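Listing of work.json; format and content: JSON, C-alpha atoms and all ligand atoms.
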[["chain", "number", "residue", "atom", "x", "y", "z"],
["L", 92, "MET", "CA", -3.83, 12.74, -14.98],
["L", 93, "GLU", "CA", -0.85, 11.50, -12.97],
["L", 94, "GLN", "CA", 1.02, 11.10, -16.21],
["L", 95, "ILE", "CA", 0.25, 14.58, -17.44],
["L", 96, "LEU", "CA", 1.46, 15.91, -14.11],
["L", 97, "ALA", "CA", 4.57, 13.80, -14.27],
["L", 98, "ARG", "CA", 5.38, 14.93, -17.77],
["L", 99, "THR", "CA", 4.80, 18.62, -17.19],
["L", 100, "LEU", "CA", 6.77, 18.53, -13.98],
["L", 101, "GLU", "CA", 9.60, 16.38, -15.21],
["L", 102, "GLN", "CA", 11.34, 19.08, -17.22],
["L", 103, "GLU", "CA", 11.23, 21.46, -14.33],
["L", 104, "VAL", "CA", 12.14, 19.00, -11.63],
["L", 105, "GLY", "CA", 15.20, 17.66, -13.43],
["L", 106, "LYS", "CA", 17.19, 20.47, -11.93],
["L", 107, "VAL", "CA", 16.04, 20.34, -8.35],
["L", 108, "SER", "CA", 16.73, 18.05, -5.38],
["L", 109, "VAL", "CA", 14.52, 15.15, -4.30],
["L", 110, "GLN", "CA", 13.14, 17.06, -1.30],
["L", 111, "GLU", "CA", 12.31, 20.06, -3.45],
["L", 112, "LYS", "CA", 10.65, 17.79, -6.01],
["L", 113, "GLN", "CA", 8.50, 16.22, -3.32],
["L", 114, "LEU", "CA", 7.48, 19.56, -1.90],
["L", 115, "LEU", "CA", 6.73, 20.90, -5.37],
["L", 116, "LEU", "CA", 4.60, 17.91, -6.19],
["L", 117, "SER", "CA", 2.64, 18.04, -2.93],
["L", 118, "ARG", "CA", 1.94, 21.72, -3.43],
["L", 119, "LEU", "CA", 0.97, 21.27, -7.04],
["L", 120, "LEU", "CA", -1.44, 18.44, -6.21],
["L", 121, "ALA", "CA", -3.03, 20.34, -3.35],
["L", 122, "ARG", "CA", -3.37, 23.47, -5.47],
["L", 123, "LEU", "CA", -4.82, 21.58, -8.43],
["L", 124, "ALA", "CA", -7.30, 19.70, -6.29],
["L", 125, "HIS", "CA", -8.37, 22.89, -4.59],
["L", 126, "GLU", "CA", -8.77, 24.77, -7.87],
["L", 127, "ILE", "CA", -10.90, 22.00, -9.34],
["L", 128, "ARG", "CA", -13.04, 21.57, -6.27],
["L", 129, "ASN", "CA", -14.66, 25.03, -6.32],
["L", 130, "PRO", "CA", -16.04, 25.03, -9.88],
["L", 131, "LEU", "CA", -17.04, 21.41, -9.30],
["L", 132, "SER", "CA", -19.31, 22.23, -6.38],
["L", 133, "SER", "CA", -20.76, 25.15, -8.33],
["L", 134, "LEU", "CA", -21.47, 22.76, -11.22],
["L", 135, "GLY", "CA", -23.21, 20.39, -8.82],
["L", 136, "ILE", "CA", -25.52, 23.15, -7.57],
["L", 137, "HIS", "CA", -26.40, 24.33, -11.08],
["L", 138, "VAL", "CA", -27.11, 20.83, -12.29],
["L", 139, "GLN", "CA", -29.53, 20.46, -9.42],
["L", 140, "LEU", "CA", -31.25, 23.77, -10.30],
["L", 141, "LEU", "CA", -31.49, 22.69, -13.91],
["L", 142, "GLU", "CA", -33.06, 19.40, -12.84],
["L", 143, "GLU", "CA", -35.70, 21.33, -10.91],
["L", 144, "ASP", "CA", -36.46, 23.48, -13.97],
["L", 145, "ILE", "CA", -36.80, 20.45, -16.17],
["L", 146, "ALA", "CA", -39.08, 18.72, -13.67],
["L", 147, "ARG", "CA", -41.62, 21.39, -14.63],
["L", 148, "SER", "CA", -41.29, 20.82, -18.39],
["L", 149, "ALA", "CA", -43.02, 18.48, -20.86],
["L", 150, "PRO", "CA", -42.91, 14.72, -20.05],
["L", 151, "GLN", "CA", -40.90, 13.78, -23.18],
["L", 152, "ILE", "CA", -38.21, 16.27, -22.27],
["L", 153, "GLN", "CA", -38.19, 15.06, -18.67],
["L", 154, "GLU", "CA", -37.81, 11.46, -19.79],
["L", 155, "ARG", "CA", -34.87, 12.17, -22.07],
["L", 156, "SER", "CA", -33.15, 14.34, -19.49],
["L", 157, "THR", "CA", -33.27, 11.75, -16.72],
["L", 158, "VAL", "CA", -30.63, 9.58, -18.38],
["L", 159, "ARG", "CA", -28.46, 12.56, -19.23],
["L", 160, "PHE", "CA", -28.63, 13.88, -15.69],
["L", 161, "GLU", "CA", -27.63, 10.48, -14.38],
["L", 162, "ILE", "CA", -24.56, 10.55, -16.58],
["L", 163, "ILE", "CA", -23.70, 14.10, -15.57],
["L", 164, "ARG", "CA", -24.07, 13.33, -11.88],
["L", 165, "GLY", "CA", -22.02, 10.17, -12.28],
["L", 166, "GLU", "CA", -19.22, 12.06, -13.97],
["L", 167, "LEU", "CA", -19.31, 14.84, -11.38],
["L", 168, "GLN", "CA", -19.01, 12.18, -8.68],
["L", 169, "ARG", "CA", -16.04, 10.66, -10.49],
["L", 170, "LEU", "CA", -14.29, 14.02, -10.67],
["L", 171, "ASP", "CA", -15.02, 14.65, -7.02],
["L", 172, "ASN", "CA", -13.48, 11.31, -6.06],
["L", 173, "LEU", "CA", -10.44, 12.07, -8.17],
["L", 174, "VAL", "CA", -9.97, 15.40, -6.44],
["L", 175, "LYS", "CA", -10.30, 13.71, -3.06],
["L", 176, "GLN", "CA", -7.66, 11.19, -4.04],
["L", 177, "PHE", "CA", -5.31, 13.97, -5.06],
["L", 178, "LEU", "CA", -5.87, 15.78, -1.79],
["L", 179, "ASN", "CA", -5.02, 12.51, -0.05],
["L", 180, "LEU", "CA", -1.82, 12.26, -2.05],
["L", 181, "ALA", "CA", -0.87, 15.78, -1.26],
["L", 182, "GLY", "CA", -1.39, 15.50, 2.43],
["L", 183, "PRO", "CA", -0.83, 12.04, 3.83],
["L", 184, "SER", "CA", 0.93, 13.82, 6.69],
["L", 185, "SER", "CA", -2.46, 14.28, 8.33],
["L", 186, "VAL", "CA", -3.12, 10.69, 9.34],
["L", 187, "SER", "CA", -6.06, 9.82, 11.51],
["L", 188, "LEU", "CA", -4.79, 7.00, 13.68],
["L", 189, "GLN", "CA", -7.10, 4.31, 15.00],
["L", 190, "PRO", "CA", -6.65, 0.70, 16.10],
["L", 191, "VAL", "CA", -6.33, -1.31, 12.92],
["L", 192, "ASP", "CA", -6.63, -5.08, 12.55],
["L", 193, "VAL", "CA", -3.74, -5.72, 10.17],
["L", 194, "SER", "CA", -4.93, -9.20, 9.24],
["L", 195, "ARG", "CA", -8.19, -7.66, 8.06],
["L", 196, "VAL", "CA", -6.48, -4.92, 6.03],
["L", 197, "THR", "CA", -4.01, -7.31, 4.39],
["L", 198, "GLY", "CA", -6.86, -9.75, 3.70],
["L", 199, "HIS", "CA", -8.98, -7.00, 2.21],
["L", 200, "VAL", "CA", -6.20, -5.86, -0.14],
["L", 201, "CYS", "CA", -5.59, -9.42, -1.31],
["L", 202, "LYS", "CA", -9.29, -9.87, -2.03],
["L", 203, "LEU", "CA", -9.44, -6.54, -3.83],
["L", 204, "LEU", "CA", -6.60, -7.44, -6.20],
["L", 205, "HIS", "CA", -7.39, -11.13, -6.54],
["L", 206, "PRO", "CA", -9.22, -10.73, -9.89],
["L", 207, "GLU", "CA", -6.35, -8.71, -11.33],
["L", 208, "ALA", "CA", -3.86, -11.37, -10.23],
["L", 209, "ALA", "CA", -5.99, -14.37, -11.22],
["L", 210, "ALA", "CA", -6.32, -13.00, -14.74],
["L", 211, "ARG", "CA", -2.53, -13.33, -15.05],
["L", 212, "ASN", "CA", -2.36, -16.67, -13.28],
["L", 213, "ILE", "CA", -0.67, -15.13, -10.26],
["L", 214, "GLU", "CA", -1.49, -16.58, -6.86],
["L", 215, "ILE", "CA", -1.74, -14.22, -3.88],
["L", 216, "ALA", "CA", -1.16, -15.86, -0.51],
["L", 217, "LEU", "CA", -1.85, -14.24, 2.83],
["L", 218, "THR", "CA", 0.65, -15.13, 5.57],
["L", 219, "THR", "CA", -0.34, -12.63, 8.24],
["L", 220, "ALA", "CA", 0.02, -14.03, 11.76],
["L", 221, "SER", "CA", -3.34, -14.38, 13.47],
["L", 222, "ASP", "CA", -2.40, -13.15, 16.95],
["L", 223, "LEU", "CA", -1.16, -9.65, 16.09],
["L", 224, "PRO", "CA", -1.93, -6.67, 18.32],
["L", 225, "ALA", "CA", -3.90, -3.77, 16.85],
["L", 226, "LEU", "CA", -1.77, -1.31, 14.87],
["L", 227, "ALA", "CA", -2.29, 2.41, 15.40],
["L", 228, "ALA", "CA", -2.68, 3.51, 11.80],
["L", 229, "ASP", "CA", -4.86, 5.25, 9.28],
["L", 230, "PRO", "CA", -6.73, 2.33, 7.68],
["L", 231, "VAL", "CA", -7.44, 4.17, 4.41],
["L", 232, "GLN", "CA", -3.83, 5.17, 3.89],
["L", 233, "LEU", "CA", -2.50, 1.80, 4.98],
["L", 234, "THR", "CA", -4.81, 0.18, 2.43],
["L", 235, "GLN", "CA", -3.65, 2.61, -0.26],
["L", 236, "ALA", "CA", 0.01, 1.84, 0.49],
["L", 237, "LEU", "CA", -0.58, -1.92, 0.34],
["L", 238, "VAL", "CA", -2.60, -1.70, -2.86],
["L", 239, "ASN", "CA", 0.31, 0.16, -4.48],
["L", 240, "LEU", "CA", 2.80, -2.50, -3.33],
["L", 241, "VAL", "CA", 0.68, -5.44, -4.46],
["L", 242, "LEU", "CA", -0.09, -3.79, -7.82],
["L", 243, "ASN", "CA", 3.63, -3.29, -8.37],
["L", 244, "ALA", "CA", 4.20, -6.93, -7.44],
["L", 245, "ILE", "CA", 1.59, -8.08, -9.97],
["L", 246, "GLN", "CA", 3.17, -5.90, -12.65],
["L", 247, "ALA", "CA", 6.65, -7.22, -11.79],
["L", 248, "VAL", "CA", 5.58, -10.87, -12.00],
["L", 249, "VAL", "CA", 3.68, -10.18, -15.26],
["L", 250, "ARG", "CA", 2.32, -13.74, -15.55],
["L", 251, "ASP", "CA", 2.42, -17.13, -13.81],
["L", 252, "GLY", "CA", 3.87, -16.61, -10.39],
["L", 253, "HIS", "CA", 3.02, -15.88, -6.81],
["L", 254, "ILE", "CA", 2.88, -13.07, -4.28],
["L", 255, "GLU", "CA", 2.95, -13.35, -0.51],
["L", 256, "VAL", "CA", 1.43, -10.64, 1.65],
["L", 257, "GLY", "CA", 2.08, -10.90, 5.35],
["L", 258, "ALA", "CA", 2.47, -9.04, 8.61],
["L", 259, "ARG", "CA", 4.37, -9.91, 11.75],
["L", 260, "LEU", "CA", 5.91, -8.20, 14.77],
["L", 261, "ASP", "CA", 9.65, -7.52, 14.92],
["L", 262, "ASP", "CA", 11.71, -8.99, 17.79],
["L", 263, "THR", "CA", 11.14, -5.99, 20.07],
["L", 264, "GLY", "CA", 7.38, -6.17, 19.60],
["L", 265, "GLY", "CA", 7.32, -2.43, 18.96],
["L", 266, "TRP", "CA", 7.20, -2.56, 15.17],
["L", 267, "MET", "CA", 4.79, -4.10, 12.73],
["L", 268, "LEU", "CA", 6.49, -5.46, 9.61],
["L", 269, "ILE", "CA", 4.12, -5.70, 6.67],
["L", 270, "SER", "CA", 5.70, -7.19, 3.60],
["L", 271, "VAL", "CA", 4.88, -7.99, 0.00],
["L", 272, "HIS", "CA", 7.10, -10.63, -1.59],
["L", 273, "ASP", "CA", 6.78, -11.48, -5.28],
["L", 274, "SER", "CA", 8.27, -14.04, -7.64],
["L", 275, "GLY", "CA", 9.29, -11.39, -10.19],
["L", 276, "PRO", "CA", 12.81, -10.39, -11.24],
["L", 277, "GLY", "CA", 13.52, -8.25, -8.15],
["L", 278, "VAL", "CA", 14.94, -4.72, -8.12],
["L", 279, "PRO", "CA", 18.55, -4.25, -9.29],
["L", 280, "VAL", "CA", 20.56, -3.27, -6.18],
["L", 281, "GLU", "CA", 21.74, 0.01, -7.69],
["L", 282, "ARG", "CA", 18.11, 1.07, -8.23],
["L", 283, "GLN", "CA", 16.82, 0.12, -4.80],
["L", 284, "SER", "CA", 17.17, 3.62, -3.35],
["L", 285, "VAL", "CA", 16.00, 5.66, -6.36],
["L", 286, "ILE", "CA", 12.70, 3.85, -6.96],
["L", 287, "PHE", "CA", 11.15, 5.69, -3.99],
["L", 288, "GLU", "CA", 11.78, 9.05, -5.62],
["L", 289, "PRO", "CA", 8.85, 10.63, -7.49],
["L", 290, "PHE", "CA", 8.68, 10.05, -11.27],
["L", 291, "VAL", "CA", 11.14, 7.16, -11.28],
["L", 292, "THR", "CA", 9.59, 4.44, -13.40],
["L", 293, "THR", "CA", 10.68, 1.71, -15.80],
["L", 294, "LYS", "CA", 7.16, 1.26, -17.19],
["L", 295, "ASP", "CA", 5.91, 2.81, -20.43],
["L", 296, "GLU", "CA", 2.67, 3.84, -18.79],
["L", 297, "GLY", "CA", 4.06, 4.28, -15.28],
["L", 298, "SER", "CA", 3.69, 7.45, -13.23],
["L", 299, "GLY", "CA", 6.59, 6.68, -10.93],
["L", 300, "LEU", "CA", 4.49, 7.98, -8.04],
["L", 301, "GLY", "CA", 3.33, 4.72, -6.44],
["L", 302, "LEU", "CA", 6.33, 4.02, -4.23],
["L", 303, "TRP", "CA", 6.75, 7.68, -3.44],
["L", 304, "ILE", "CA", 3.19, 7.70, -2.08],
["L", 305, "VAL", "CA", 3.88, 4.53, -0.09],
["L", 306, "GLN", "CA", 6.93, 6.21, 1.41],
["L", 307, "GLN", "CA", 4.99, 9.38, 2.27],
["L", 308, "ILE", "CA", 2.39, 7.25, 4.04],
["L", 309, "ALA", "CA", 5.05, 5.27, 5.94],
["L", 310, "LEU", "CA", 6.80, 8.47, 7.05],
["L", 311, "ALA", "CA", 3.51, 10.06, 8.12],
["L", 312, "HIS", "CA", 3.02, 7.05, 10.42],
["L", 313, "GLY", "CA", 6.50, 7.42, 11.91],
["L", 314, "GLY", "CA", 7.69, 4.39, 9.95],
["L", 315, "THR", "CA", 9.72, 3.49, 6.90],
["L", 316, "VAL", "CA", 9.49, 1.42, 3.74],
["L", 317, "GLY", "CA", 12.36, -0.47, 2.21],
["L", 318, "THR", "CA", 13.11, -3.10, -0.37],
["L", 319, "ALA", "CA", 15.43, -6.04, -0.70],
["L", 320, "ASN", "CA", 15.71, -9.03, -2.96],
["L", 321, "ALA", "CA", 14.90, -12.37, -1.39],
["L", 322, "PRO", "CA", 17.70, -15.01, -1.49],
["L", 323, "ALA", "CA", 15.37, -17.27, -3.45],
["L", 324, "GLY", "CA", 14.57, -14.42, -5.88],
["L", 325, "GLY", "CA", 11.91, -11.77, -6.24],
["L", 326, "ALA", "CA", 11.49, -8.42, -4.57],
["L", 327, "VAL", "CA", 10.38, -7.92, -0.98],
["L", 328, "PHE", "CA", 8.93, -4.57, 0.03],
["L", 329, "THR", "CA", 8.53, -4.07, 3.76],
["L", 330, "LEU", "CA", 6.60, -1.41, 5.62],
["L", 331, "GLN", "CA", 7.92, -0.99, 9.14],
["L", 332, "LEU", "CA", 5.40, 0.86, 11.29],
["L", 333, "PRO", "CA", 5.36, 1.63, 15.02],
["L", 334, "VAL", "CA", 2.67, -0.54, 16.62],
["L", 335, "ARG", "CA", 1.60, 2.23, 18.98],
["L", 336, "GLY", "CA", 1.62, 4.92, 16.31],
["L", 337, "LYS", "CA", 3.78, 7.94, 15.70],
["L", 338, "GLU", "CA", 4.97, 9.53, 18.94],
["L", 339, "PRO", "CA", 4.60, 13.34, 19.11],
["L", 340, "GLY", "CA", 7.91, 14.92, 18.14],
["L", 341, "ASP", "CA", 9.03, 11.95, 16.06],
["L", 342, "GLY", "CA", 9.62, 14.32, 13.14],
["N", 401, "LIG", "N1", 7.82, -5.53, -6.99],
["N", 401, "LIG", "C1", 8.70, -4.94, -7.81],
["N", 401, "LIG", "N2", 9.63, -5.68, -8.49],
["N", 401, "LIG", "C2", 10.52, -5.08, -9.30],
["N", 401, "LIG", "N3", 10.58, -3.75, -9.53],
["N", 401, "LIG", "C3", 9.70, -2.97, -8.90],
["N", 401, "LIG", "C4", 8.71, -3.51, -8.01],
["N", 401, "LIG", "N4", 7.98, -2.48, -7.53],
["N", 401, "LIG", "C5", 8.47, -1.36, -8.07],
["N", 401, "LIG", "N5", 9.49, -1.64, -8.90],
["N", 401, "LIG", "C6", 10.28, -0.66, -9.69],
["N", 401, "LIG", "O1", 10.10, 0.62, -9.12],
["N", 401, "LIG", "C7", 9.60, 1.54, -10.10],
["N", 401, "LIG", "C8", 8.75, 2.59, -9.43],
["N", 401, "LIG", "O2", 7.55, 2.05, -8.93],
["N", 401, "LIG", "P1", 6.31, 3.02, -8.66],
["N", 401, "LIG", "O3", 6.79, 4.18, -7.85],
["N", 401, "LIG", "O4", 5.20, 2.23, -8.10],
["N", 401, "LIG", "O5", 5.95, 3.61, -10.09],
["N", 401, "LIG", "P2", 5.32, 2.84, -11.37],
["N", 401, "LIG", "O6", 4.65, 1.60, -10.87],
["N", 401, "LIG", "O7", 4.36, 3.83, -11.93],
["N", 401, "LIG", "O8", 6.47, 2.56, -12.29],
["N", 401, "LIG", "C9", 8.89, 0.66, -11.10],
["N", 401, "LIG", "O9", 8.79, 1.27, -12.36],
["N", 401, "LIG", "C10", 9.78, -0.58, -11.13],
["N", 401, "LIG", "O10", 10.90, -0.38, -11.95],
["N", 402, "MG", "MG", 3.42, 1.48, -9.16]]
Translate the structure described by the file into structure tokens.
Ligand SMILES: Nc1ncnc2c1ncn2[C@@H]1O[C@H](COP(=O)(O)OP(=O)(O)O)[C@@H](O)[C@H]1O
Ligand SMILES: [Mg+2]
Amino acid sequence: MEQILARTLEQEVGKVSVQEKQLLLSRLLARLAHEIRNPLSSLGIHVQLLEEDIARSAPQIQERSTVRFEIIRGELQRLDNLVKQFLNLAGPSSVSLQPVDVSRVTGHVCKLLHPEAAARNIEIALTTASDLPALAADPVQLTQALVNLVLNAIQAVVRDGHIEVGARLDDTGGWMLISVHDSGPGVPVERQSVIFEPFVTTKDEGSGLGLWIVQQIALAHGGTVGTANAPAGGAVFTLQLPVRGKEPGDG
């Protein structure tokens, strides 16, 4: 779906600025999600009514329908989740901040992607300091941002390598620095700024939306995301987020 969106938009967005592209995309996603949601809930209601009708029919028919209804409900659920995800993409500006244990979130993301990495003989190491203060953040969005960064890292390494995920405080103690360092080829310096723009990808099957989403999430938290290449090689992506959350009026 992301790819269809990217492709249909790409022709149009070639002519407009980055900010306009981002706005266009957010609006399109929100609109699409909204338009899909209404018929979806109507479908859910009618499926339920149909189930009630069939409950009164002959046993053989009931038996056969049970499996079909399970499939239908499963697929409806899948669509509903997809729509929710798109609404999340469109509006990460509405973050719900709460105290977040960063070591737990980073640990959770590593666990989540461990099978994916292990299958390519990539080791994921967690280097988060243990004595960090709670971070005022939206745990769902923070997780989504980290998943995107670690997935990119896995794709950059391809096979046989390692990834380090860690969080620490900056020198002032006011910022949490959460970084993902991989043993891949790194990002060519001249591309380091453009990769955060929507639809910029070097992958055949890429959407080019991952880093854009990460950046939207960072900005919504009053923070930033940046990349650099480590002296010893590989890319480092760092989320810099205010420990106490976004102050009102921070833009
Ligand atoms: N860890 C990384 N190492 C090297 N290049 C990267 C890394 N992460 C992202 N990139 C580059 O940035 C591009 C954009 O990433 P992203 O927005 O996540 O979109 P996608 O993953 O769909 O290509 C990638 O296609 C790749 O060229
Ligand atoms: Mg990506």
Chain L near ligand LIG 401 (chain N) within 7 Å: what's each residue's closest atom pair and its distance in Å to one decimal, counting only C-alpha atoms and all ligand atoms, ordered by chain then ascending residue number, as a tab-separated table?
residue	atom	partner	partner_atom	distance
L:Asn239	CA	N:LIG401	O4	6.4
L:Leu240	CA	N:LIG401	N4	6.7
L:Asn243	CA	N:LIG401	N4	4.5
L:Ala244	CA	N:LIG401	N1	3.9
L:Ala247	CA	N:LIG401	N2	4.7
L:Asp273	CA	N:LIG401	N1	6.3
L:Gly275	CA	N:LIG401	N2	6.0
L:Pro276	CA	N:LIG401	C2	6.1
L:Gly277	CA	N:LIG401	C2	4.5
L:Val278	CA	N:LIG401	C2	4.6
L:Ile286	CA	N:LIG401	O1	4.7
L:Phe287	CA	N:LIG401	O3	6.0
L:Pro289	CA	N:LIG401	O3	6.8
L:Val291	CA	N:LIG401	C8	5.5
L:Thr292	CA	N:LIG401	O9	3.4
L:Thr293	CA	N:LIG401	O9	3.9
L:Lys294	CA	N:LIG401	O9	5.1
L:Gly297	CA	N:LIG401	O7	3.4
L:Ser298	CA	N:LIG401	O7	3.9
L:Gly299	CA	N:LIG401	O5	3.2
L:Leu300	CA	N:LIG401	O3	4.4
L:Gly301	CA	N:LIG401	O4	3.5
L:Leu302	CA	N:LIG401	O3	3.7
L:Trp303	CA	N:LIG401	O3	5.6
L:Gly325	CA	N:LIG401	N2	6.9
L:Ala326	CA	N:LIG401	N2	5.1
L:Val327	CA	N:LIG401	N1	7.0
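Nearest to ligand MG 402 (chain N) of all the residues L:Val196, L:Ile152, L:Leu242, L:Ile136 is L:Leu242, counting only C-alpha atoms and all ligand atoms.
Closest approach to Arg335 of chain L from the set L:Ser194, L:Gln189, L:Gln306, L:Thr318 is made by L:Gln189, with distances taken over all atoms listed in the file.
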Quiz prompt | Residue neighbourhood Val186 of chain L, 9 Å, all atoms listed in the file, exclusion window fewer than 6 positions, as JSON, numbers by chain | solution = {"L": [228, 229, 232, 308, 311, 312]}
Quiz prompt | Interatomic distance (Å, one decimal) between atom CA of Val334 of chain L and atom CA of Ala309 of chain L | solution = 12.4 Å
Practice problem: Dig up all the protein and nucleic acid residues within 12 Å of (-8.2, -2.9, 11.7) in the file frame, using only C-alpha atoms, and format them as a PyMOL selection string. | Solution: chain L and resi 188-199+223-231+233-234
Since the input is missing atoms for segment 281-300 of chain L, could you rebuild it with N, CA, C and O atoms and give the result as a short mmCIF file (atom, residue, chain, number, x, y, z; two decimals), in the frame of the given file?
data_model
loop_
_atom_site.label_atom_id
_atom_site.label_comp_id
_atom_site.auth_asym_id
_atom_site.auth_seq_id
_atom_site.Cartn_x
_atom_site.Cartn_y
_atom_site.Cartn_z
N GLU L 281 21.39 -1.41 -7.50
CA GLU L 281 21.74 0.01 -7.69
C GLU L 281 20.51 0.90 -7.88
O GLU L 281 20.61 2.12 -7.82
N ARG L 282 19.34 0.27 -8.08
CA ARG L 282 18.11 1.07 -8.23
C ARG L 282 17.27 1.10 -6.97
O ARG L 282 16.27 1.79 -6.89
N GLN L 283 17.68 0.29 -5.97
CA GLN L 283 16.82 0.12 -4.80
C GLN L 283 16.52 1.43 -4.06
O GLN L 283 15.46 1.57 -3.48
N SER L 284 17.44 2.38 -4.07
CA SER L 284 17.17 3.62 -3.35
C SER L 284 16.40 4.62 -4.22
O SER L 284 15.57 5.36 -3.71
N VAL L 285 16.64 4.62 -5.53
CA VAL L 285 16.00 5.66 -6.36
C VAL L 285 14.53 5.39 -6.66
O VAL L 285 13.79 6.32 -6.97
N ILE L 286 14.09 4.14 -6.56
CA ILE L 286 12.70 3.85 -6.96
C ILE L 286 11.67 4.52 -6.05
O ILE L 286 10.51 4.62 -6.41
N PHE L 287 12.10 5.00 -4.88
CA PHE L 287 11.15 5.69 -3.99
C PHE L 287 11.03 7.18 -4.32
O PHE L 287 10.20 7.87 -3.75
N GLU L 288 11.87 7.65 -5.21
CA GLU L 288 11.78 9.05 -5.62
C GLU L 288 10.61 9.22 -6.59
O GLU L 288 10.30 8.32 -7.36
N PRO L 289 9.96 10.43 -6.55
CA PRO L 289 8.85 10.63 -7.49
C PRO L 289 9.33 10.61 -8.94
O PRO L 289 10.44 11.04 -9.24
N PHE L 290 8.48 10.10 -9.81
CA PHE L 290 8.68 10.05 -11.27
C PHE L 290 9.71 9.02 -11.74
O PHE L 290 10.04 8.99 -12.93
N VAL L 291 10.21 8.20 -10.84
CA VAL L 291 11.14 7.16 -11.28
C VAL L 291 10.32 5.93 -11.67
O VAL L 291 9.61 5.36 -10.84
N THR L 292 10.35 5.59 -12.93
CA THR L 292 9.59 4.44 -13.40
C THR L 292 10.34 3.75 -14.53
O THR L 292 11.10 4.38 -15.25
N THR L 293 10.11 2.44 -14.67
CA THR L 293 10.68 1.71 -15.80
C THR L 293 9.56 1.24 -16.72
O THR L 293 9.77 0.46 -17.62
N LYS L 294 8.32 1.72 -16.42
CA LYS L 294 7.16 1.26 -17.19
C LYS L 294 6.75 2.32 -18.20
O LYS L 294 6.75 3.52 -17.88
N ASP L 295 6.33 1.87 -19.39
CA ASP L 295 5.91 2.81 -20.43
C ASP L 295 4.78 3.71 -19.94
O ASP L 295 4.75 4.90 -20.22
N GLU L 296 3.84 3.09 -19.24
CA GLU L 296 2.67 3.84 -18.79
C GLU L 296 2.75 4.19 -17.32
O GLU L 296 1.75 4.55 -16.71
N GLY L 297 3.93 4.07 -16.73
CA GLY L 297 4.06 4.28 -15.28
C GLY L 297 4.09 5.76 -14.93
O GLY L 297 4.52 6.59 -15.71
N SER L 298 3.62 6.07 -13.70
CA SER L 298 3.69 7.45 -13.23
C SER L 298 4.94 7.64 -12.38
O SER L 298 5.41 8.76 -12.20
N GLY L 299 5.44 6.57 -11.83
CA GLY L 299 6.59 6.68 -10.93
C GLY L 299 6.23 7.33 -9.59
O GLY L 299 7.08 7.78 -8.85
N LEU L 300 4.92 7.34 -9.30
CA LEU L 300 4.49 7.98 -8.04
C LEU L 300 4.08 6.97 -6.97
O LEU L 300 3.98 7.32 -5.81
#
